[in-house]
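The structure appears below as structure tokens.
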Amino acid sequence: MQVNDQEWSVFAVGGSPAQTVLHAVYEVMKRKPDLVVSGINYGENVGSGITISGTVGAALEAASLGIPALAVSLEADPKYHLSYSADVNFSVAAGFTALIARLLLEKKFPADVNVLKLEIPSDATVDTPWQLTRVSRQRYYEPVAPERASWDLPAVMMYREAALLEREAEDTDVYVLRKKRMISVSPLSLDLTSRVDFDELDRLMRT
């Protein structure tokens, strides 16, 4: 494959994005890379939807191997999400991806920052500011069951936007992307443990 007049060897994997990371590290490269960049995804990965995101999943898989990882998504109309359309301009998103990737390579991040999740507005420019954000708890996209006459017919689970912006906290990925039109940078941790008071929870479960 040729990119900018330079030849590159490329590989395709018939599996999930997370499995792609494993094939790359253990079969293709046979060593850990300095950085894994997952994306740039067609469409934002914000709110609780990150649990189903292949883009985020690949970055988390890299992080579980001890590799600095970046998951990048560009806000896009849903009609483009599975299209691979050349009508979507990734140039600004690519610039910010390079910026944050450089920070991951050059800076010593806290031990609990395993992945940086980058969300870029569709109208972002090179001058758009970025902000550190929490991941919203709300379901940004809501599932839509397929319509089919028989279980013998294949079907795809679809989704529609269901964001509730008026009640959203101002420091979340959803609010910063959609309301402030800024670039959201969310630090993610592999530690999925609830931040509950263990003593309180223990008493609740034992009484």
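Residues in the structure tokens are numbered from 1 in each chain, the chains being A, B, ... in the order shown, and ligands are numbered from 1 in the order shown.
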Margin query: For the structure I just gave you, how does DSSP split region 5-191 of chain A - specifically, which residues are helix (DSSP H, G or I)? Reply as a VMD selection string.
Written below: chain A and resid 17 to 28 47 to 52 54 to 64 78 to 80 91 to 106 173 to 178
Using C-alpha atoms, can you write the selected residues to a file as a PDB file, in the first residue's frame?
```
ATOM      1  CA  PRO A  17     -10.426  -4.654  16.813  1.00  0.00           C
ATOM      2  CA  ALA A  18      -9.099  -6.034  20.110  1.00  0.00           C
ATOM      3  CA  GLN A  19      -8.073  -9.259  18.378  1.00  0.00           C
ATOM      4  CA  THR A  20      -6.333  -7.152  15.738  1.00  0.00           C
ATOM      5  CA  VAL A  21      -4.089  -5.713  18.447  1.00  0.00           C
ATOM      6  CA  LEU A  22      -3.174  -9.222  19.615  1.00  0.00           C
ATOM      7  CA  HIS A  23      -2.329 -10.383  16.073  1.00  0.00           C
ATOM      8  CA  ALA A  24      -0.255  -7.244  15.515  1.00  0.00           C
ATOM      9  CA  VAL A  25       1.764  -7.612  18.714  1.00  0.00           C
ATOM     10  CA  TYR A  26       2.221 -11.378  18.829  1.00  0.00           C
ATOM     11  CA  GLU A  27       2.212 -12.379  15.170  1.00  0.00           C
ATOM     12  CA  VAL A  28       3.117  -9.470  12.903  1.00  0.00           C
ATOM     13  CA  GLY A  47     -21.096   7.994  27.214  1.00  0.00           C
ATOM     14  CA  SER A  48     -21.863   4.418  28.207  1.00  0.00           C
ATOM     15  CA  GLY A  49     -21.577   3.396  24.554  1.00  0.00           C
ATOM     16  CA  ILE A  50     -17.837   2.929  24.985  1.00  0.00           C
ATOM     17  CA  THR A  51     -18.565  -0.531  26.403  1.00  0.00           C
ATOM     18  CA  ILE A  52     -19.537  -1.707  22.910  1.00  0.00           C
ATOM     19  CA  GLY A  54     -14.416  -1.588  19.008  1.00  0.00           C
ATOM     20  CA  THR A  55     -12.269   1.540  18.846  1.00  0.00           C
ATOM     21  CA  VAL A  56     -12.089   1.818  22.623  1.00  0.00           C
ATOM     22  CA  GLY A  57     -11.856  -1.965  23.031  1.00  0.00           C
ATOM     23  CA  ALA A  58      -8.716  -2.161  20.903  1.00  0.00           C
ATOM     24  CA  ALA A  59      -7.060   0.601  22.915  1.00  0.00           C
ATOM     25  CA  LEU A  60      -7.956  -1.123  26.190  1.00  0.00           C
ATOM     26  CA  GLU A  61      -6.527  -4.386  24.881  1.00  0.00           C
ATOM     27  CA  ALA A  62      -3.274  -2.620  24.049  1.00  0.00           C
ATOM     28  CA  ALA A  63      -3.225  -1.040  27.504  1.00  0.00           C
ATOM     29  CA  SER A  64      -3.704  -4.463  29.100  1.00  0.00           C
ATOM     30  CA  PRO A  78     -24.866   8.253  11.511  1.00  0.00           C
ATOM     31  CA  LYS A  79     -25.219   7.678   7.768  1.00  0.00           C
ATOM     32  CA  TYR A  80     -21.412   7.676   7.597  1.00  0.00           C
ATOM     33  CA  SER A  91      -7.447  16.000   8.355  1.00  0.00           C
ATOM     34  CA  VAL A  92      -8.174  18.014  11.539  1.00  0.00           C
ATOM     35  CA  ALA A  93      -8.790  14.835  13.518  1.00  0.00           C
ATOM     36  CA  ALA A  94      -5.497  13.436  12.278  1.00  0.00           C
ATOM     37  CA  GLY A  95      -3.683  16.542  13.460  1.00  0.00           C
ATOM     38  CA  PHE A  96      -5.060  16.256  16.983  1.00  0.00           C
ATOM     39  CA  THR A  97      -4.375  12.530  16.970  1.00  0.00           C
ATOM     40  CA  ALA A  98      -0.728  13.268  16.241  1.00  0.00           C
ATOM     41  CA  LEU A  99      -0.646  15.900  19.010  1.00  0.00           C
ATOM     42  CA  ILE A 100      -2.081  13.635  21.724  1.00  0.00           C
ATOM     43  CA  ALA A 101      -0.038  10.668  20.510  1.00  0.00           C
ATOM     44  CA  ARG A 102       3.118  12.745  20.891  1.00  0.00           C
ATOM     45  CA  LEU A 103       2.127  13.572  24.472  1.00  0.00           C
ATOM     46  CA  LEU A 104       1.629   9.878  25.228  1.00  0.00           C
ATOM     47  CA  LEU A 105       5.089   9.120  23.881  1.00  0.00           C
ATOM     48  CA  GLU A 106       6.896  12.003  25.575  1.00  0.00           C
ATOM     49  CA  ASP A 173     -17.340  13.836  27.062  1.00  0.00           C
ATOM     50  CA  VAL A 174     -20.925  14.225  25.835  1.00  0.00           C
ATOM     51  CA  TYR A 175     -21.293  17.845  27.015  1.00  0.00           C
ATOM     52  CA  VAL A 176     -17.874  19.030  25.888  1.00  0.00           C
ATOM     53  CA  LEU A 177     -18.270  17.481  22.430  1.00  0.00           C
ATOM     54  CA  ARG A 178     -21.892  18.395  21.760  1.00  0.00           C
TER      55      ARG A 178
END
```
Notebook entry, point to check: Do you have the CA of Ala145 (chain A)-CA of Met157 (chain A) distance handy?
Noted result: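 So the answer is 5.6 Å.
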Note to self: Please report the interatomic distance between CA of Met1 (chain A) and CA of Gly39 (chain A) in Å with one decimal.
What the structure shows: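 Calculated distance between CA of Met1 (chain A) and CA of Gly39 (chain A) is 18.3 Å.
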Enumerate the residues of chain A with a DSSP assignment of strand (DSSP E or B), computed from the backbone, and present them as a PDB file with C-alpha atoms, in the first residue's frame.
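Produced file result.pdb, reproduced below:
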```
ATOM      1  CA  GLN A   2       1.276   3.477  -0.873  1.00  0.00           C
ATOM      2  CA  VAL A   3       0.667   6.505   1.388  1.00  0.00           C
ATOM      3  CA  GLN A   6       5.834   5.748   0.617  1.00  0.00           C
ATOM      4  CA  GLU A   7       5.214   2.005   0.482  1.00  0.00           C
ATOM      5  CA  VAL A  36      -1.233   1.883  19.729  1.00  0.00           C
ATOM      6  CA  VAL A  37      -3.653   4.295  18.051  1.00  0.00           C
ATOM      7  CA  SER A  38      -7.155   2.902  17.521  1.00  0.00           C
ATOM      8  CA  GLY A  39      -9.281   4.786  15.009  1.00  0.00           C
ATOM      9  CA  ILE A  40      -9.940   7.351  13.705  1.00  0.00           C
ATOM     10  CA  ASN A  41     -13.512   6.080  14.014  1.00  0.00           C
ATOM     11  CA  TYR A  42     -16.414   7.270  11.855  1.00  0.00           C
ATOM     12  CA  ALA A  69      -2.914   3.592  23.856  1.00  0.00           C
ATOM     13  CA  LEU A  70      -5.102   6.214  22.218  1.00  0.00           C
ATOM     14  CA  ALA A  71      -8.692   5.735  20.989  1.00  0.00           C
ATOM     15  CA  VAL A  72      -9.811   8.411  18.520  1.00  0.00           C
ATOM     16  CA  SER A  73     -13.288   9.131  17.151  1.00  0.00           C
ATOM     17  CA  LEU A  74     -14.599  11.857  14.867  1.00  0.00           C
ATOM     18  CA  VAL A 115      -5.913   4.950  27.664  1.00  0.00           C
ATOM     19  CA  LEU A 116      -6.699   8.421  26.365  1.00  0.00           C
ATOM     20  CA  LYS A 117     -10.052   8.617  24.557  1.00  0.00           C
ATOM     21  CA  LEU A 118     -10.178  11.460  22.055  1.00  0.00           C
ATOM     22  CA  GLU A 119     -13.488  12.786  20.657  1.00  0.00           C
ATOM     23  CA  ILE A 120     -13.339  15.407  17.907  1.00  0.00           C
ATOM     24  CA  TRP A 130      -9.397  20.518  24.017  1.00  0.00           C
ATOM     25  CA  GLN A 131     -10.558  19.694  27.542  1.00  0.00           C
ATOM     26  CA  LEU A 132     -10.056  16.758  29.912  1.00  0.00           C
ATOM     27  CA  ARG A 134     -15.156  12.328  32.419  1.00  0.00           C
ATOM     28  CA  TYR A 141     -27.117   5.976  21.328  1.00  0.00           C
ATOM     29  CA  GLU A 142     -30.142   3.786  21.993  1.00  0.00           C
ATOM     30  CA  PRO A 143     -30.451   0.328  20.417  1.00  0.00           C
ATOM     31  CA  VAL A 144     -33.121  -0.295  17.783  1.00  0.00           C
ATOM     32  CA  MET A 158     -29.144  -0.687  14.786  1.00  0.00           C
ATOM     33  CA  TYR A 159     -29.231   2.437  16.970  1.00  0.00           C
ATOM     34  CA  ARG A 160     -30.407   6.029  17.111  1.00  0.00           C
ATOM     35  CA  GLU A 161     -29.158   9.066  18.957  1.00  0.00           C
ATOM     36  CA  THR A 172     -18.347  15.016  30.512  1.00  0.00           C
ATOM     37  CA  ILE A 183     -12.314  18.283  21.742  1.00  0.00           C
ATOM     38  CA  SER A 184     -12.879  15.836  24.572  1.00  0.00           C
ATOM     39  CA  VAL A 185      -9.930  13.951  26.061  1.00  0.00           C
ATOM     40  CA  SER A 186     -10.983  11.306  28.596  1.00  0.00           C
ATOM     41  CA  PRO A 187      -8.396   9.385  30.631  1.00  0.00           C
ATOM     42  CA  LEU A 188      -9.516   5.747  30.988  1.00  0.00           C
TER      43      LEU A 188
END
```
Margin query: Measuring between only C-alpha atoms, which one of A:Ser194, A:Thr133, A:Ser150, A:Ser122 shows the shortest distance to Glu170 (chain A)?
Written below: A:Thr133
Next item on the list: Would you kindly return, as a list in words, each protein, DNA or RNA residue with an atom no farther than 12 Å from any atom of Asp77 (chain A), considering only C-alpha atoms and excluding same-chain residues fewer than 4 positions away?
Entry: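 Result of the neighbour search: Tyr42, Gly43, Glu44, His81, Leu82, Ser83, Ser85, Asp87, Val88, Pro121, Ser122, Asp123, Arg160 and Glu161 of chain A.
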Take the residues that were just selected and, keeping N, CA, C and O atoms, output them as a PDB file, in the first residue's frame.
```
ATOM      1  N   TYR A  42     -15.307   6.501  12.436  1.00  0.00           N
ATOM      2  CA  TYR A  42     -16.414   7.270  11.855  1.00  0.00           C
ATOM      3  C   TYR A  42     -17.521   7.353  12.901  1.00  0.00           C
ATOM      4  O   TYR A  42     -18.272   6.407  13.103  1.00  0.00           O
ATOM      5  N   GLY A  43     -17.636   8.460  13.594  1.00  0.00           N
ATOM      6  CA  GLY A  43     -18.669   8.613  14.603  1.00  0.00           C
ATOM      7  C   GLY A  43     -18.104   8.609  16.005  1.00  0.00           C
ATOM      8  O   GLY A  43     -17.121   7.921  16.299  1.00  0.00           O
ATOM      9  N   GLU A  44     -18.733   9.398  16.885  1.00  0.00           N
ATOM     10  CA  GLU A  44     -18.255   9.575  18.245  1.00  0.00           C
ATOM     11  C   GLU A  44     -18.508   8.333  19.107  1.00  0.00           C
ATOM     12  O   GLU A  44     -19.463   7.592  18.899  1.00  0.00           O
ATOM     13  N   HIS A  81     -21.423   6.204   9.566  1.00  0.00           N
ATOM     14  CA  HIS A  81     -20.751   5.393  10.578  1.00  0.00           C
ATOM     15  C   HIS A  81     -20.145   4.095  10.049  1.00  0.00           C
ATOM     16  O   HIS A  81     -19.074   3.684  10.469  1.00  0.00           O
ATOM     17  N   LEU A  82     -20.841   3.432   9.175  1.00  0.00           N
ATOM     18  CA  LEU A  82     -20.336   2.165   8.636  1.00  0.00           C
ATOM     19  C   LEU A  82     -20.025   2.271   7.149  1.00  0.00           C
ATOM     20  O   LEU A  82     -19.962   1.266   6.449  1.00  0.00           O
ATOM     21  N   SER A  83     -19.782   3.472   6.689  1.00  0.00           N
ATOM     22  CA  SER A  83     -19.685   3.695   5.241  1.00  0.00           C
ATOM     23  C   SER A  83     -18.268   3.676   4.691  1.00  0.00           C
ATOM     24  O   SER A  83     -18.057   3.387   3.531  1.00  0.00           O
ATOM     25  N   SER A  85     -16.785   6.272   4.001  1.00  0.00           N
ATOM     26  CA  SER A  85     -16.945   7.257   2.945  1.00  0.00           C
ATOM     27  C   SER A  85     -15.764   8.222   2.887  1.00  0.00           C
ATOM     28  O   SER A  85     -15.267   8.685   3.913  1.00  0.00           O
ATOM     29  N   ASP A  87     -16.157  11.110   1.854  1.00  0.00           N
ATOM     30  CA  ASP A  87     -16.739  12.441   2.045  1.00  0.00           C
ATOM     31  C   ASP A  87     -16.432  13.012   3.423  1.00  0.00           C
ATOM     32  O   ASP A  87     -16.610  14.208   3.646  1.00  0.00           O
ATOM     33  N   VAL A  88     -16.016  12.159   4.362  1.00  0.00           N
ATOM     34  CA  VAL A  88     -15.683  12.621   5.710  1.00  0.00           C
ATOM     35  C   VAL A  88     -14.223  13.062   5.727  1.00  0.00           C
ATOM     36  O   VAL A  88     -13.324  12.312   5.351  1.00  0.00           O
ATOM     37  N   PRO A 121     -15.081  17.080  17.461  1.00  0.00           N
ATOM     38  CA  PRO A 121     -16.304  17.561  16.802  1.00  0.00           C
ATOM     39  C   PRO A 121     -16.143  17.585  15.282  1.00  0.00           C
ATOM     40  O   PRO A 121     -15.039  17.790  14.762  1.00  0.00           O
ATOM     41  N   SER A 122     -17.253  17.411  14.601  1.00  0.00           N
ATOM     42  CA  SER A 122     -17.213  17.396  13.135  1.00  0.00           C
ATOM     43  C   SER A 122     -16.785  18.735  12.564  1.00  0.00           C
ATOM     44  O   SER A 122     -16.247  18.798  11.452  1.00  0.00           O
ATOM     45  N   ASP A 123     -17.024  19.829  13.310  1.00  0.00           N
ATOM     46  CA  ASP A 123     -16.671  21.165  12.814  1.00  0.00           C
ATOM     47  C   ASP A 123     -15.384  21.703  13.431  1.00  0.00           C
ATOM     48  O   ASP A 123     -15.113  22.897  13.385  1.00  0.00           O
ATOM     49  N   ARG A 160     -30.071   4.638  17.419  1.00  0.00           N
ATOM     50  CA  ARG A 160     -30.407   6.029  17.111  1.00  0.00           C
ATOM     51  C   ARG A 160     -29.910   6.905  18.246  1.00  0.00           C
ATOM     52  O   ARG A 160     -29.805   6.459  19.398  1.00  0.00           O
ATOM     53  N   GLU A 161     -29.659   8.156  17.935  1.00  0.00           N
ATOM     54  CA  GLU A 161     -29.158   9.066  18.957  1.00  0.00           C
ATOM     55  C   GLU A 161     -30.230   9.315  20.011  1.00  0.00           C
ATOM     56  O   GLU A 161     -31.408   9.497  19.684  1.00  0.00           O
TER      57      GLU A 161
END
```
Next item on the list: Rank A:Ala12, A:Leu35, A:Leu153, A:Val46 by their smallest atom-to-atom distance to Gly66 (chain A), using only C-alpha atoms, and report the top residue only.
Entry: A:Leu35
Next item on the list: Could you check how far CA of Arg195 (chain A) sits from CA of Asn45 (chain A), in Å to one decimal?
Entry: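 Separation of CA of Arg195 (chain A) and CA of Asn45 (chain A): 22.8 Å.
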